[in-house]
Amino acid sequence: MNSSRKPSHPHSQRNLSSEIGPFIALNQEIFAQLLTFVDFAEKFTIGFVEINFPPDVKILVEALKTNPECRHIQFVSLSFSDANLRFLRDEIIKILPTIEIESNRKLVLIIQGLEKSIGVYGDYPPVLQDLNFVRDAYKRTVPHPILFILPDYALTRLAKFAPDFWAWQSGIFRFKTPQITKDYAINEAQTTERIINRLEPSEKQERIDLLHRLLMEYKPTGHNPTGENLRNCSNILHQLGVAYLSKIEPIKAREYLEEAEKIASEFPDSTFHAEVLNTLGDSYSQQRQFDRAIAYYQKSLSISQQLQNPRGEIAALLKLGNAYLELRQFTQATTFYQQRLEIEQQIGDRYSQADTYHQLGMVAQKLREFEEARRNYQQAFAIFIEFDDRYSQADTYHQLGRVAQELDEFEEARYNYQQALAIFIEFDDRYSQADTYHQLGYVAQDLREFEEARRNYQQALAINIEFGDRYSQADTYHELGRVAQNLFEFEEARRNYQQALAIDIEFGDSYSQASTYGQLGTLAEAEENYAEARVNLQTALEIYVEYEDEYWGAIAREALKRLPE
């Protein structure tokens with residue numbers, strides 16, 4: 001199964017010429033104005049065409065090329081889809097000599113794809129800075145009419161950040177979107193949160209681009225949506241928030257989520273409002289600001305309880321449990337998971353119980369109650385098998401691997417990790433592979449297969465860097481430090497520990513800092529720098545005491561006792 005395989009667009013399944021008639025019928029007046037523009041345009045003349053979706057761009061270009069009134073015009077389409085494009089004029093100048101201009105026909109250039117380099121947010125895109133700066137040079141070097149075809153948001157940014165170039169335009173032509181294109185875009189936008197997390201970064205960006213184009217349909221620049229458009233607008237804003245969270249851009253996600261929440265709070269049906277509040281909480285969880293996340297999850301839970309919506313309740317309870325688990329407040333986490341399990345059993349939702357048993361396994365594992373953790377994971381696993389949910393089995397295989405590893409059952413651990421990895425590969429979930437490669441590295445390290453461990457850690461690190469997951473990189477840098485230390489590569493070990501520590505400090509994860517301070521302590525001890533070793537180990541111990549972690553606190557105490565006075 002390939003989760004990233006996308007259905008072909010309806011326009012690609014039908015004869016393009018059959019789409020021209022309906023498209024022109026919907027845009028008859030504006031198309032006639034565009035025909036007049038290209039007929040009278042001479043030398044360097046700028047026209048801006050607003051079309052929100054690429055399939056409709058293809059239809060318009062074909063309609064222009066095949067229209068009898070354009071027999072004397074040679075349309076040449078130039079695509080500039082490089083997101084890093086800066087010097088548009090230079091690129092056009094390179095192409096112009098390669099165009100064979102037909103006799104007795106006027107050349108009109110059609111510029112497409114520029115929205116990629118214009119972007120959706122941020123100040124002064126380089127391509128627009130240059131467009132504004134070299135405006136006067138276009139008259140001399142590009143002596144032909146140009147049609148820029150762009151979506152609403154890109155035209156708005158062009159007018160804002162290249163005002164001098166914008167002022168030279170001789171026409172703006174805004175085309176309506178056919179319902180078939182809207183329906184396809186809406187269908188594509190219904191991707192679930194779990195599926196979007198499995199997409200490659202480029203596919204996530206494609207989804208974000210689609211959502212921005214769709215947003216322009218319901219909230220055009222300068223217009224305030226009302227009625228059903230307002231509801232559609234809030235849905236798209238929420239999905240944009242989810243999409244940006246999948247790229248680990250929580251601050252950007254919140255811009256859209258807060259707007260969606262403001263709209264959703266006015267709806268008489270608050271079910272959607274509760275869902276948006278959960279996602280807002282996720283944006284803070286991603287930054288490890290769990291207290292703020294919990295406030296949103298609690299508000300979502302309250303709404304679902306008022307609506308007597310058990311589905312909403314179990315969604316919020318899971319997120320509350322997860323937040324308290326991250327805070328190492330295990331009793332509170334267990335309380336929320338147990339509440340969720342009771343509701344699931346009451347409403348007969350056996351499938352959702354799998355996630356709850358999985359999380360109860362996580363609590364037991366953190367408390368070093370490994371047999372209890374294993375029982376919970378096995379209950380989750382049995383339900384996933386019962387419902388033929390192969391993808392979800394991967395996470396549980398992974399956690400069963402961690403339990404086996406803690407019990408020094410290394411071959412069992414490796415088997416479970418390899419099973420998890422195989423499923424992630426089968427479902428094209430590259431991002432989730434990182435954690436499993438990390439754990440395979442850990443197993444190899446426990447077996448003193450240090451080069452194998454390093455290879456696995458480096459694969460994990462490469463994936464987390466690719467997906468922009470800076471927080472997860474800390475654990476891998478930490479373990480790469482341990483590998484280097486075991487190989488007596490002390491400077492390499494120190495560099496890795498310091499990188500891990502810097503990330504944990506950046507994200508305010510004081511508990512994870514403890515293990516790295518501990519390793520810096522043992523490293524200093526190996527180098528016979530006992531004063532530094534004592535400082536680092538004492539810091540680790542204080543953190544473990546703060547978090548009431550008796551197991552690792554005892555190890556830190558023993559390490560301190562071992563140091564010479």
# chains A, B, ... in the order shown; residues from 1 in each chain; ligands from 1

$ residues_around --residues "segment 512-529 of chain A" --least-positions-apart "6" --cutoff "9 Å" --atoms "only C-alpha atoms" --output "number ranges by chain"
A: 474-475, 478, 481-482, 485, 490, 493-494, 497-498, 500-502, 504-505, 535-544, 552, 556, 559, 563

$ closest_atom_pairs --of "segment 215-280 of chain A" --to "segment 114-127 of chain A" --cutoff "12 Å" --atoms "only C-alpha atoms" --output "CSV"
residue,atom,partner,partner_atom,distance
A:Leu215,CA,A:Val120,CA,11.9
A:Met216,CA,A:Val120,CA,11.8
A:Leu240,CA,A:Val120,CA,11.9
A:Lys252,CA,A:Tyr121,CA,9.2
A:Ala253,CA,A:Tyr121,CA,12.0
A:Glu255,CA,A:Tyr121,CA,11.0
A:Tyr256,CA,A:Tyr121,CA,12.0

$ residues_around --residues "Phe410 of chain A" --least-positions-apart "2" --cutoff "10 Å" --atoms "only C-alpha atoms" --output "list in words"
Gly401, Arg402, Val403, Ala404, Gln405, Glu406, Leu407, Asp408, Glu412, Ala413, Arg414, Tyr415, Asn416, Leu440, Tyr442, Val443, Ala444, Asp446 and Leu447 of chain A

$ write_last_selection --atoms "N, CA, C and O atoms" --output "mmCIF file, in the first residue's frame"
data_model
loop_
_atom_site.group_PDB
_atom_site.id
_atom_site.type_symbol
_atom_site.label_atom_id
_atom_site.label_comp_id
_atom_site.auth_asym_id
_atom_site.auth_seq_id
_atom_site.Cartn_x
_atom_site.Cartn_y
_atom_site.Cartn_z
ATOM 1 N N GLY A 401 9.173 -3.482 21.509
ATOM 2 C CA GLY A 401 10.626 -3.548 21.379
ATOM 3 C C GLY A 401 11.331 -2.839 22.516
ATOM 4 O O GLY A 401 12.330 -3.331 23.063
ATOM 5 N N ARG A 402 10.814 -1.680 22.911
ATOM 6 C CA ARG A 402 11.449 -0.933 23.995
ATOM 7 C C ARG A 402 11.342 -1.679 25.333
ATOM 8 O O ARG A 402 12.282 -1.664 26.133
ATOM 9 N N VAL A 403 10.177 -2.300 25.554
ATOM 10 C CA VAL A 403 10.021 -3.089 26.781
ATOM 11 C C VAL A 403 11.021 -4.246 26.788
ATOM 12 O O VAL A 403 11.716 -4.479 27.791
ATOM 13 N N ALA A 404 11.098 -4.974 25.684
ATOM 14 C CA ALA A 404 12.038 -6.100 25.602
ATOM 15 C C ALA A 404 13.468 -5.620 25.834
ATOM 16 O O ALA A 404 14.266 -6.286 26.526
ATOM 17 N N GLN A 405 13.796 -4.467 25.295
ATOM 18 C CA GLN A 405 15.153 -3.931 25.459
ATOM 19 C C GLN A 405 15.443 -3.610 26.923
ATOM 20 O O GLN A 405 16.537 -3.896 27.428
ATOM 21 N N GLU A 406 14.461 -3.018 27.608
ATOM 22 C CA GLU A 406 14.649 -2.702 29.028
ATOM 23 C C GLU A 406 14.874 -3.973 29.847
ATOM 24 O O GLU A 406 15.552 -3.954 30.874
ATOM 25 N N LEU A 407 14.300 -5.087 29.381
ATOM 26 C CA LEU A 407 14.444 -6.370 30.079
ATOM 27 C C LEU A 407 15.629 -7.172 29.557
ATOM 28 O O LEU A 407 15.758 -8.372 29.858
ATOM 29 N N ASP A 408 16.494 -6.499 28.762
ATOM 30 C CA ASP A 408 17.689 -7.137 28.187
ATOM 31 C C ASP A 408 17.359 -8.305 27.265
ATOM 32 O O ASP A 408 18.167 -9.219 27.077
ATOM 33 N N GLU A 412 14.613 -10.148 20.946
ATOM 34 C CA GLU A 412 13.182 -9.856 20.893
ATOM 35 C C GLU A 412 12.958 -8.371 20.567
ATOM 36 O O GLU A 412 12.074 -8.038 19.764
ATOM 37 N N ALA A 413 13.756 -7.531 21.166
ATOM 38 C CA ALA A 413 13.650 -6.099 20.889
ATOM 39 C C ALA A 413 13.922 -5.810 19.423
ATOM 40 O O ALA A 413 13.155 -5.106 18.749
ATOM 41 N N ARG A 414 15.024 -6.376 18.924
ATOM 42 C CA ARG A 414 15.385 -6.129 17.517
ATOM 43 C C ARG A 414 14.289 -6.642 16.577
ATOM 44 O O ARG A 414 13.931 -5.963 15.592
ATOM 45 N N TYR A 415 13.727 -7.801 16.877
ATOM 46 C CA TYR A 415 12.650 -8.353 16.039
ATOM 47 C C TYR A 415 11.474 -7.375 15.981
ATOM 48 O O TYR A 415 10.922 -7.093 14.901
ATOM 49 N N ASN A 416 11.066 -6.870 17.146
ATOM 50 C CA ASN A 416 9.913 -5.953 17.188
ATOM 51 C C ASN A 416 10.208 -4.653 16.429
ATOM 52 O O ASN A 416 9.352 -4.142 15.705
ATOM 53 N N LEU A 440 16.848 0.854 16.997
ATOM 54 C CA LEU A 440 17.735 -0.199 16.480
ATOM 55 C C LEU A 440 19.191 0.148 16.788
ATOM 56 O O LEU A 440 20.005 -0.746 17.082
ATOM 57 N N TYR A 442 20.076 1.779 19.420
ATOM 58 C CA TYR A 442 20.199 1.544 20.861
ATOM 59 C C TYR A 442 20.474 0.058 21.149
ATOM 60 O O TYR A 442 21.309 -0.300 21.998
ATOM 61 N N VAL A 443 19.750 -0.826 20.427
ATOM 62 C CA VAL A 443 19.967 -2.260 20.604
ATOM 63 C C VAL A 443 21.400 -2.631 20.226
ATOM 64 O O VAL A 443 22.106 -3.345 20.952
ATOM 65 N N ALA A 444 21.842 -2.131 19.060
ATOM 66 C CA ALA A 444 23.215 -2.423 18.618
ATOM 67 C C ALA A 444 24.226 -1.917 19.638
ATOM 68 O O ALA A 444 25.237 -2.575 19.930
ATOM 69 N N ASP A 446 23.702 -1.554 22.913
ATOM 70 C CA ASP A 446 23.668 -2.443 24.078
ATOM 71 C C ASP A 446 24.454 -3.723 23.821
ATOM 72 O O ASP A 446 25.020 -4.320 24.743
ATOM 73 N N LEU A 447 24.480 -4.143 22.550
ATOM 74 C CA LEU A 447 25.224 -5.345 22.177
ATOM 75 C C LEU A 447 26.670 -5.027 21.808
ATOM 76 O O LEU A 447 27.399 -5.891 21.328
#

$ residues_around --residues "Asp395 of chain A" --least-positions-apart "2" --cutoff "10 Å" --atoms "only C-alpha atoms" --output "JSON, numbers by chain"
{"A": [358, 377, 381, 391, 392, 393, 397, 398, 399, 400, 401, 416, 417, 419, 420, 421, 423, 424, 432, 435, 436]}

$ residues_around --residues "Thr476 of chain A" --least-positions-apart "6" --cutoff "10 Å" --atoms "only C-alpha atoms" --output "PyMOL selection string"
chain A and resi 434-435+437-439+441-442+454+456-461+464+482+496-497+499-500

$ select_by_dssp --residues "segment 23-240 of chain A" --states "helix (DSSP H, G or I)" --output "MDAnalysis selection string"
chainID A and resid 23:26 28:40 54:66 68:70 88:98 115:118 126:133 135:141 152:161 163:167 179:188 193:196 201:218 227:240

$ residues_around --residues "segment 65-81 of chain A" --least-positions-apart "4" --cutoff "8 Å" --atoms "only C-alpha atoms" --output "list in words"
Leu35, Asp39, Val61, Leu85, Ile101, Glu102, Asn104, Arg105, Lys106, Leu107, Val108, Leu109, Ile110, Ile111, Gln112, Gly113, Leu114, Glu115, Lys116 and Ser117 of chain A

$ select_by_dssp --residues "segment 8-180 of chain A" --states "strand (DSSP E)" --output "NGL selection string"
:A and (45-50 or 73-79 or 106-112 or 145-150 or 169-174)

$ atom_distance --atom1 "atom CA of Val276 of chain A" --atom2 "atom CA of Ala260 of chain A"
7.2 Å

$ atom_distance --atom1 "atom CA of Gly281 of chain A" --atom2 "atom CA of Tyr357 of chain A"
22.4 Å

$ closest_atom_pairs --of "segment 248-305 of chain A" --to "segment 323-332 of chain A" --cutoff "12 Å" --atoms "only C-alpha atoms" --output "tab-separated table"
residue	atom	partner	partner_atom	distance
A:Asn278	CA	A:Ala323	CA	11.7
A:Gly281	CA	A:Ala323	CA	9.5
A:Asp282	CA	A:Ala323	CA	9.3
A:Ser283	CA	A:Ala323	CA	12.0
A:Tyr284	CA	A:Ala323	CA	10.1
A:Ser285	CA	A:Ala323	CA	7.1
A:Gln286	CA	A:Ala323	CA	10.3
A:Gln287	CA	A:Ala323	CA	11.6
A:Arg288	CA	A:Glu326	CA	8.4
A:Gln289	CA	A:Ala323	CA	9.3
A:Phe290	CA	A:Ala323	CA	5.9
A:Asp291	CA	A:Ala323	CA	8.3
A:Arg292	CA	A:Ala323	CA	10.1
A:Ala293	CA	A:Ala323	CA	7.5
A:Ile294	CA	A:Ala323	CA	6.8
A:Ala295	CA	A:Ala323	CA	10.6
A:Tyr296	CA	A:Ala323	CA	11.2
A:Tyr297	CA	A:Ala323	CA	9.3
A:Gln298	CA	A:Ala323	CA	11.2
